[in-house]
file protein_1.txt (compact mmCIF, C-alpha atoms)
# COMPACT_ATOMS: atom_id res chain seq x y z
CA MET A 28 -65.68 37.84 -6.03
CA LEU A 29 -64.01 36.19 -3.08
CA ASN A 30 -61.68 33.26 -3.43
CA THR A 31 -63.91 30.34 -2.39
CA SER A 32 -60.92 28.05 -1.93
CA TYR A 33 -60.50 29.83 1.45
CA VAL A 34 -63.59 28.12 2.92
CA GLY A 35 -62.53 26.05 5.92
CA ARG A 36 -59.32 27.97 6.34
CA SER A 37 -58.29 29.38 9.73
CA LEU A 38 -56.39 32.57 10.35
CA PRO A 39 -53.51 32.43 12.83
CA THR A 40 -54.79 32.83 16.39
CA THR A 41 -54.22 36.37 17.64
CA GLU A 42 -51.91 37.09 20.57
CA PRO A 43 -53.79 37.40 23.88
CA VAL A 44 -55.17 40.90 24.46
CA SER A 45 -56.24 42.06 27.90
CA ILE A 46 -59.78 43.44 28.11
CA THR A 47 -59.19 46.41 30.38
CA ALA A 48 -61.68 47.70 32.95
CA ASP A 49 -61.46 51.08 31.20
CA ALA A 50 -62.44 49.59 27.82
CA VAL A 51 -65.38 47.76 29.43
CA THR A 52 -66.55 50.92 31.19
CA ARG A 53 -66.38 53.04 28.04
CA PHE A 54 -68.24 50.41 25.99
CA ALA A 55 -70.92 49.99 28.67
CA GLN A 56 -71.36 53.76 29.00
CA ALA A 57 -71.67 54.20 25.22
CA LEU A 58 -74.66 51.81 25.29
CA GLY A 59 -76.14 53.00 28.59
CA LEU A 60 -75.41 49.64 30.23
CA ASP A 61 -74.77 49.26 33.95
CA ASP A 62 -71.07 48.60 34.43
CA HIS A 63 -70.46 45.69 36.79
CA GLY A 64 -67.09 44.76 35.31
CA THR A 65 -68.76 42.13 33.14
CA VAL A 66 -67.77 42.28 29.48
CA PRO A 67 -70.89 43.66 27.66
CA PRO A 68 -72.66 41.17 25.34
CA THR A 69 -71.58 42.83 22.09
CA PHE A 70 -68.11 43.93 23.24
CA LEU A 71 -66.32 41.01 21.60
CA ILE A 72 -67.04 42.42 18.13
CA SER A 73 -64.37 45.04 18.86
CA LEU A 74 -61.84 42.18 19.01
CA THR A 75 -63.22 39.68 16.49
CA LEU A 76 -63.74 42.09 13.60
CA PRO A 77 -60.18 43.48 13.73
CA ALA A 78 -58.95 39.85 13.89
CA ALA A 79 -60.84 39.15 10.63
CA GLU A 80 -59.71 42.37 8.96
CA ARG A 81 -56.36 40.69 8.30
CA LEU A 82 -58.18 39.10 5.34
CA ILE A 83 -58.19 42.52 3.67
CA ASP A 84 -54.41 42.45 3.53
CA ASP A 85 -54.45 39.19 1.57
CA PRO A 86 -54.65 40.04 -2.15
CA GLU A 87 -55.37 36.37 -3.00
CA PHE A 88 -58.65 36.52 -1.05
CA GLY A 89 -60.12 39.55 -2.86
CA LEU A 90 -61.93 41.28 0.02
CA ASP A 91 -62.56 45.00 -0.55
CA TRP A 92 -63.74 46.46 2.76
CA SER A 93 -65.39 49.44 1.02
CA ARG A 94 -67.99 47.03 -0.48
CA VAL A 95 -68.78 45.26 2.80
CA LEU A 96 -72.05 45.48 4.75
CA HIS A 97 -72.62 43.76 8.09
CA ARG A 98 -75.51 41.36 7.48
CA GLU A 99 -75.80 39.06 10.51
CA GLN A 100 -74.25 38.71 13.92
CA ARG A 101 -74.44 36.04 16.59
CA PHE A 102 -72.71 35.49 19.92
CA ALA A 103 -72.68 32.31 22.00
CA TYR A 104 -71.40 32.95 25.51
CA HIS A 105 -70.07 29.78 27.11
CA ARG A 106 -69.19 31.52 30.36
CA GLU A 107 -69.01 34.99 31.80
CA LEU A 108 -66.00 37.11 30.81
CA ARG A 109 -64.94 39.86 33.17
CA ALA A 110 -62.69 42.88 32.74
CA GLY A 111 -59.08 41.77 33.09
CA ALA A 112 -59.51 38.64 30.96
CA ALA A 113 -56.81 38.13 28.33
CA VAL A 114 -58.37 36.67 25.20
CA SER A 115 -57.23 35.38 21.82
CA CYS A 116 -59.29 35.17 18.63
CA ALA A 117 -59.18 32.29 16.13
CA VAL A 118 -61.11 33.15 12.95
CA VAL A 119 -62.38 30.42 10.62
CA ILE A 120 -63.88 31.12 7.18
CA GLU A 121 -67.02 29.00 7.48
CA SER A 122 -68.71 29.65 4.15
CA ILE A 123 -68.86 31.85 1.07
CA LYS A 124 -72.12 31.95 -0.86
CA THR A 125 -72.10 33.77 -4.18
CA VAL A 126 -75.29 35.14 -5.73
CA ALA A 127 -75.09 37.28 -8.90
CA GLY A 128 -71.52 38.27 -8.10
CA ASN A 129 -72.34 39.33 -4.53
CA ASP A 130 -70.76 37.26 -1.78
CA LEU A 131 -72.05 36.32 1.66
CA LEU A 132 -68.97 35.66 3.78
CA SER A 133 -69.55 33.84 7.07
CA LEU A 134 -66.87 33.83 9.73
CA ARG A 135 -66.76 32.05 13.07
CA THR A 136 -64.35 33.23 15.73
CA GLU A 137 -63.44 31.27 18.82
CA VAL A 138 -62.62 33.56 21.72
CA THR A 139 -60.47 31.82 24.31
CA ASP A 140 -58.85 32.84 27.55
CA ALA A 141 -56.50 30.98 29.89
CA GLU A 142 -59.33 28.60 30.86
CA GLY A 143 -60.26 27.75 27.27
CA LEU A 144 -63.20 28.56 25.00
CA ALA A 145 -65.22 31.46 26.44
CA ALA A 146 -67.37 32.52 23.49
CA GLU A 147 -68.04 31.94 19.81
CA VAL A 148 -68.84 34.82 17.51
CA TRP A 149 -70.40 34.44 14.05
CA THR A 150 -70.32 37.32 11.59
CA THR A 151 -71.86 37.31 8.12
CA LEU A 152 -70.70 40.03 5.76
CA PHE A 153 -72.40 40.96 2.49
CA VAL A 154 -69.74 41.83 -0.07
CA ALA A 155 -71.24 43.68 -3.03
CA ALA A 156 -70.08 42.80 -6.52
CA ALA A 157 -67.39 45.03 -7.92
CA THR A 158 -68.44 47.18 -10.88
CA GLY A 159 -68.45 45.08 -14.03
CA GLU A 160 -68.76 41.87 -12.02
CA GLY A 161 -71.87 39.85 -11.48
CA ASP A 162 -74.62 40.77 -13.86
CA PRO A 163 -73.90 38.76 -17.01
CA ALA A 164 -76.41 40.77 -19.08
CA MET B 15 -88.44 35.42 38.93
CA SER B 16 -88.19 31.86 37.75
CA LEU B 17 -88.34 31.05 34.03
CA ASP B 18 -91.40 28.88 34.83
CA ALA B 19 -93.41 32.07 35.31
CA LEU B 20 -93.14 32.87 31.58
CA ALA B 21 -95.40 31.68 28.77
CA VAL B 22 -94.66 31.20 25.07
CA GLY B 23 -96.01 34.13 23.04
CA GLU B 24 -96.09 36.45 26.04
CA THR B 25 -94.71 39.98 25.56
CA VAL B 26 -92.14 40.41 28.31
CA PHE B 27 -91.09 43.99 27.65
CA THR B 28 -91.46 46.97 25.36
CA THR B 29 -88.95 49.79 25.58
CA ALA B 30 -87.58 52.68 23.54
CA TYR B 31 -84.27 54.51 23.48
CA PRO B 32 -83.50 57.93 21.97
CA VAL B 33 -80.47 57.88 19.63
CA THR B 34 -78.47 61.01 18.81
CA ARG B 35 -75.40 61.54 16.67
CA ALA B 36 -73.43 62.26 19.85
CA ASP B 37 -74.33 58.71 21.00
CA LEU B 38 -72.87 57.34 17.75
CA VAL B 39 -69.64 59.31 18.25
CA ALA B 40 -69.34 57.89 21.78
CA TYR B 41 -69.97 54.37 20.45
CA ALA B 42 -67.42 54.86 17.66
CA ASP B 43 -64.80 55.86 20.24
CA ALA B 44 -65.66 52.95 22.54
CA SER B 45 -65.83 50.29 19.81
CA GLY B 46 -63.12 51.52 17.45
CA ASP B 47 -65.51 51.57 14.47
CA GLN B 48 -64.80 55.06 13.10
CA ASN B 49 -66.48 54.64 9.71
CA PRO B 50 -67.54 58.25 8.87
CA ILE B 51 -71.00 57.15 7.61
CA HIS B 52 -71.92 56.83 11.31
CA GLN B 53 -70.86 60.37 12.20
CA ASP B 54 -70.76 62.66 9.19
CA GLU B 55 -73.77 63.54 7.06
CA ALA B 56 -71.69 64.41 3.97
CA ALA B 57 -69.82 61.09 4.15
CA ALA B 58 -73.07 59.16 4.58
CA LYS B 59 -74.69 60.88 1.59
CA ALA B 60 -71.57 60.34 -0.52
CA ALA B 61 -71.98 56.61 0.25
CA GLY B 62 -75.54 56.73 -1.11
CA LEU B 63 -77.28 56.76 2.30
CA PRO B 64 -80.15 59.13 3.15
CA ASP B 65 -78.32 60.50 6.21
CA VAL B 66 -76.02 59.40 9.04
CA ILE B 67 -76.84 55.80 10.06
CA ALA B 68 -76.22 54.07 13.38
CA HIS B 69 -73.65 51.27 13.54
CA GLY B 70 -75.58 47.99 13.30
CA MET B 71 -73.64 46.89 16.35
CA TYR B 72 -74.77 50.01 18.23
CA THR B 73 -78.39 49.04 17.63
CA MET B 74 -77.66 45.44 18.61
CA GLY B 75 -75.96 46.80 21.73
CA LEU B 76 -79.12 48.74 22.64
CA VAL B 77 -81.11 45.52 22.28
CA SER B 78 -78.67 43.76 24.64
CA ARG B 79 -79.29 46.62 27.08
CA ALA B 80 -83.05 46.14 26.80
CA VAL B 81 -82.73 42.41 27.52
CA LEU B 82 -80.36 42.91 30.47
CA GLU B 83 -82.52 45.71 31.94
CA TRP B 84 -85.59 43.48 31.72
CA ALA B 85 -83.79 40.52 33.30
CA ALA B 86 -82.42 42.67 36.14
CA GLY B 87 -85.71 44.49 36.71
CA ALA B 88 -87.79 41.29 36.70
CA GLY B 89 -85.25 39.47 38.86
CA VAL B 90 -84.75 36.73 36.28
CA ASP B 91 -82.15 34.34 37.68
CA ALA B 92 -80.50 33.56 34.34
CA ARG B 93 -77.65 34.76 32.18
CA LEU B 94 -77.46 35.64 28.49
CA THR B 95 -76.00 32.65 26.63
CA ASP B 96 -76.88 33.36 22.99
CA PHE B 97 -77.67 36.59 21.14
CA SER B 98 -78.18 37.16 17.44
CA ALA B 99 -79.42 39.72 14.94
CA ARG B 100 -79.83 40.21 11.22
CA PHE B 101 -79.34 43.79 10.09
CA ALA B 102 -82.39 44.34 7.89
CA LYS B 103 -82.48 48.14 7.50
CA PRO B 104 -80.23 50.94 8.77
CA VAL B 105 -81.28 53.18 11.67
CA VAL B 106 -81.21 56.66 10.12
CA VAL B 107 -80.11 59.33 12.59
CA PRO B 108 -80.90 62.88 11.42
CA ALA B 109 -79.46 65.94 13.18
CA GLY B 110 -82.43 65.94 15.58
CA GLY B 111 -81.94 62.28 16.52
CA THR B 112 -84.33 59.34 16.36
CA THR B 113 -85.73 56.52 18.49
CA VAL B 114 -85.20 52.75 18.54
CA GLU B 115 -88.05 50.65 19.92
CA VAL B 116 -87.61 47.10 21.20
CA GLU B 117 -90.39 44.62 21.94
CA ALA B 118 -89.59 41.14 23.22
CA LYS B 119 -91.77 38.05 23.20
CA VAL B 120 -91.13 34.56 24.52
CA ARG B 121 -90.36 32.37 21.50
CA ARG B 122 -89.36 29.15 23.21
CA LEU B 123 -89.15 27.79 26.73
CA ASP B 124 -87.60 24.70 28.19
CA GLY B 125 -87.03 24.03 31.84
CA ARG B 126 -83.60 25.68 31.88
CA SER B 127 -83.75 28.46 29.29
CA VAL B 128 -85.94 31.01 27.57
CA GLU B 129 -85.52 32.29 24.02
CA LEU B 130 -86.81 35.81 23.39
CA ALA B 131 -87.65 37.14 19.92
CA MET B 132 -87.21 40.90 19.65
CA THR B 133 -88.94 43.20 17.21
CA VAL B 134 -86.67 46.21 16.74
CA THR B 135 -88.00 49.24 14.87
CA SER B 136 -87.10 52.84 14.12
CA GLU B 137 -89.47 55.26 12.33
CA GLY B 138 -91.82 52.35 11.65
CA GLU B 139 -89.17 50.21 9.90
CA LYS B 140 -87.95 46.85 11.20
CA VAL B 141 -84.21 47.44 11.58
CA LEU B 142 -83.18 44.12 13.11
CA ALA B 143 -85.11 41.13 11.84
CA PRO B 144 -84.87 38.70 13.40
CA SER B 145 -83.10 39.30 16.70
CA ARG B 146 -83.09 36.62 19.37
CA ALA B 147 -81.66 36.17 22.83
CA THR B 148 -81.42 33.06 24.97
CA LEU B 149 -81.14 33.30 28.74
CA THR B 150 -80.14 30.19 30.65
CA ALA B 151 -80.93 29.63 34.31
CA ASN B 152 -77.99 30.05 36.69

call {"tool": "encode", "arguments": {"input": "protein_1.txt", "output": "structure tokens"}}
result
Amino acid sequence: MLNTSYVGRSLPTTEPVSITADAVTRFAQALGLDDHGTVPPTFLISLTLPAAERLIDDPEFGLDWSRVLHREQRFAYHRELRAGAAVSCAVVIESIKTVAGNDLLSLRTEVTDAEGLAAEVWTTLFVAAATGEGDPA
Amino acid sequence: MSLDALAVGETVFTTAYPVTRADLVAYADASGDQNPIHQDEAAAKAAGLPDVIAHGMYTMGLVSRAVLEWAAGAGVDARLTDFSARFAKPVVVPAGGTTVEVEAKVRRLDGRSVELAMTVTSEGEKVLAPSRATLTAN
């Protein structure tokens, strides 16, 4: 089970990373999208998920990535991001719901560039109970 | 096309995309998600899956493509402002490939935006449920 005392906690904001035109083109081509230099709608997951994966390295939190399934995903785009933007990710642990030893971990990530907040990305992960955890019977 | 031309409940598009394992390899390379269950049959079966499965985010990406292709084709003067999905069932991709179908209906309209509700299926199973996209007038 995850350490629920982490709810409300923020991870340190990541250093700005430049979204290259090449990365945008490859992502667009992999989905069959027209490439106009606009960052594809789901591209930000390739930045926000690695930003959250730092939680795996924290033994106090108890997140085992091998038991994780992606359950829900949402993006709110506050303005258009184009290739060349340099963005940082600030991950907040919004909630942890525990049912029969399984956890639903909800994260919200603010994606900002030099002009401020560009997008918000919500990810809910289902974390299956470890063997021997959960079922009290 | 103006958003005023739409009606709640109206089906605005139906489309289908073939999905092959080569597509998943290309998506893995582009996204950085190299989990072997999305590429290797033995790894998928060892993880208790029936076969290779698509990345949930690959399927969601195809839905974004469907929405953007509709908006461009219909000349909708709006941009995507919100996009969500719940991963209900995996898209199973056997060696011969599979198909993902997307149908979109108007769920909500206000003067400035339209919310679409997508039904996303593969082999008769709902794979994303629900999935929604909001486009806001420019």

call {"tool": "closest_atom_pairs", "arguments": {"input": "protein_1.txt", "of": "chain A", "to": "chain B", "cutoff": "8 Å", "atoms": "all atoms listed in the file", "output": "CSV"}}
result
residue,atom,partner,partner_atom,distance
A:Ala50,CA,B:Ala44,CA,7.0
A:Arg53,CA,B:Ala44,CA,5.5
A:Phe54,CA,B:Ala44,CA,5.0
A:Ala57,CA,B:Tyr41,CA,5.1
A:Leu58,CA,B:Leu76,CA,6.0
A:Gly59,CA,B:Arg79,CA,7.3
A:Leu60,CA,B:Arg79,CA,5.8
A:Pro68,CA,B:Ser78,CA,6.6
A:Thr69,CA,B:Gly75,CA,5.9
A:Phe70,CA,B:Ser45,CA,7.6
A:Ser73,CA,B:Ser45,CA,5.5
A:His97,CA,B:Phe101,CA,7.0
A:Arg98,CA,B:Phe101,CA,5.2
A:Glu99,CA,B:Arg100,CA,4.3
A:Gln100,CA,B:Ala99,CA,5.4
A:Arg101,CA,B:Ser98,CA,4.0
A:Phe102,CA,B:Phe97,CA,5.2
A:Ala103,CA,B:Asp96,CA,4.4
A:Tyr104,CA,B:Thr95,CA,4.7
A:His105,CA,B:Thr95,CA,6.6
A:Arg106,CA,B:Thr95,CA,7.8

call {"tool": "atom_distance", "arguments": {"input": "protein_1.txt", "atom1": "CA of Thr150 in chain B", "atom2": "CA of Val134 in chain B"}}
result
22.2 Å

call {"tool": "axis_aligned_box", "arguments": {"input": "protein_1.txt", "around": "range 129-140 of chain B", "padding_each_side": "8 Å", "output": "lines of an AutoDock Vina configuration file"}}
result
center_x = -88.7
center_y = 43.8
center_z = 17.0
size_x = 22.3
size_y = 39.0
size_z = 30.1

call {"tool": "atom_distance", "arguments": {"input": "protein_1.txt", "atom1": "CA of Glu87 in chain A", "atom2": "CA of Thr150 in chain A"}}
result
20.9 Å

call {"tool": "atom_distance", "arguments": {"input": "protein_1.txt", "atom1": "CA of Ser32 in chain A", "atom2": "CA of Leu134 in chain A"}}
result
14.3 Å

call {"tool": "residues_around", "arguments": {"input": "protein_1.txt", "residues": "Thr133 in chain B", "least_positions_apart": "6", "cutoff": "7 Å", "atoms": "all atoms listed in the file", "output": "ChimeraX atom specification"}}
result
/B:116-118,143

call {"tool": "closest_residue", "arguments": {"input": "protein_1.txt", "among": "A:Ile120, A:Ile72, A:Ala55, A:Ala48", "to": "Arg36 in chain A", "atoms": "all atoms listed in the file"}}
result
A:Ile120

call {"tool": "residues_around", "arguments": {"input": "protein_1.txt", "residues": "Arg135 in chain A", "least_positions_apart": "3", "cutoff": "8 Å", "atoms": "all atoms listed in the file", "output": "PDB file with C-alpha atoms, in the coordinates of the input"}}
result
ATOM      1  CA  VAL A 118     -61.110  33.150  12.950  1.00  0.00           C
ATOM      2  CA  VAL A 119     -62.380  30.420  10.620  1.00  0.00           C
ATOM      3  CA  ILE A 120     -63.880  31.120   7.180  1.00  0.00           C
ATOM      4  CA  GLU A 121     -67.020  29.000   7.480  1.00  0.00           C
ATOM      5  CA  GLU A 147     -68.040  31.940  19.810  1.00  0.00           C
ATOM      6  CA  VAL A 148     -68.840  34.820  17.510  1.00  0.00           C
ATOM      7  CA  TRP A 149     -70.400  34.440  14.050  1.00  0.00           C
ATOM      8  CA  THR A 150     -70.320  37.320  11.590  1.00  0.00           C
TER       9      THR A 150
END

call {"tool": "residues_near_point", "arguments": {"input": "protein_1.txt", "point": "(-61.9, 29.9, -2.0)", "cutoff": "10 Å", "atoms": "all atoms listed in the file", "output": "PDB file with C-alpha atoms, keeping the file's coordinate frame"}}
result
ATOM      1  CA  MET A  28     -65.680  37.840  -6.030  1.00  0.00           C
ATOM      2  CA  LEU A  29     -64.010  36.190  -3.080  1.00  0.00           C
ATOM      3  CA  ASN A  30     -61.680  33.260  -3.430  1.00  0.00           C
ATOM      4  CA  THR A  31     -63.910  30.340  -2.390  1.00  0.00           C
ATOM      5  CA  SER A  32     -60.920  28.050  -1.930  1.00  0.00           C
ATOM      6  CA  TYR A  33     -60.500  29.830   1.450  1.00  0.00           C
ATOM      7  CA  VAL A  34     -63.590  28.120   2.920  1.00  0.00           C
ATOM      8  CA  GLY A  35     -62.530  26.050   5.920  1.00  0.00           C
ATOM      9  CA  ARG A  36     -59.320  27.970   6.340  1.00  0.00           C
ATOM     10  CA  GLU A  87     -55.370  36.370  -3.000  1.00  0.00           C
ATOM     11  CA  PHE A  88     -58.650  36.520  -1.050  1.00  0.00           C
ATOM     12  CA  GLY A  89     -60.120  39.550  -2.860  1.00  0.00           C
ATOM     13  CA  ILE A 120     -63.880  31.120   7.180  1.00  0.00           C
ATOM     14  CA  SER A 122     -68.710  29.650   4.150  1.00  0.00           C
ATOM     15  CA  ILE A 123     -68.860  31.850   1.070  1.00  0.00           C
TER      16      ILE A 123
END

call {"tool": "residues_around", "arguments": {"input": "protein_1.txt", "residues": "Ala110 in chain A", "least_positions_apart": "4", "cutoff": "7 Å", "atoms": "only C-alpha atoms", "output": "VMD selection string"}}
result
chain A and resid 46 to 48 51 64 to 66
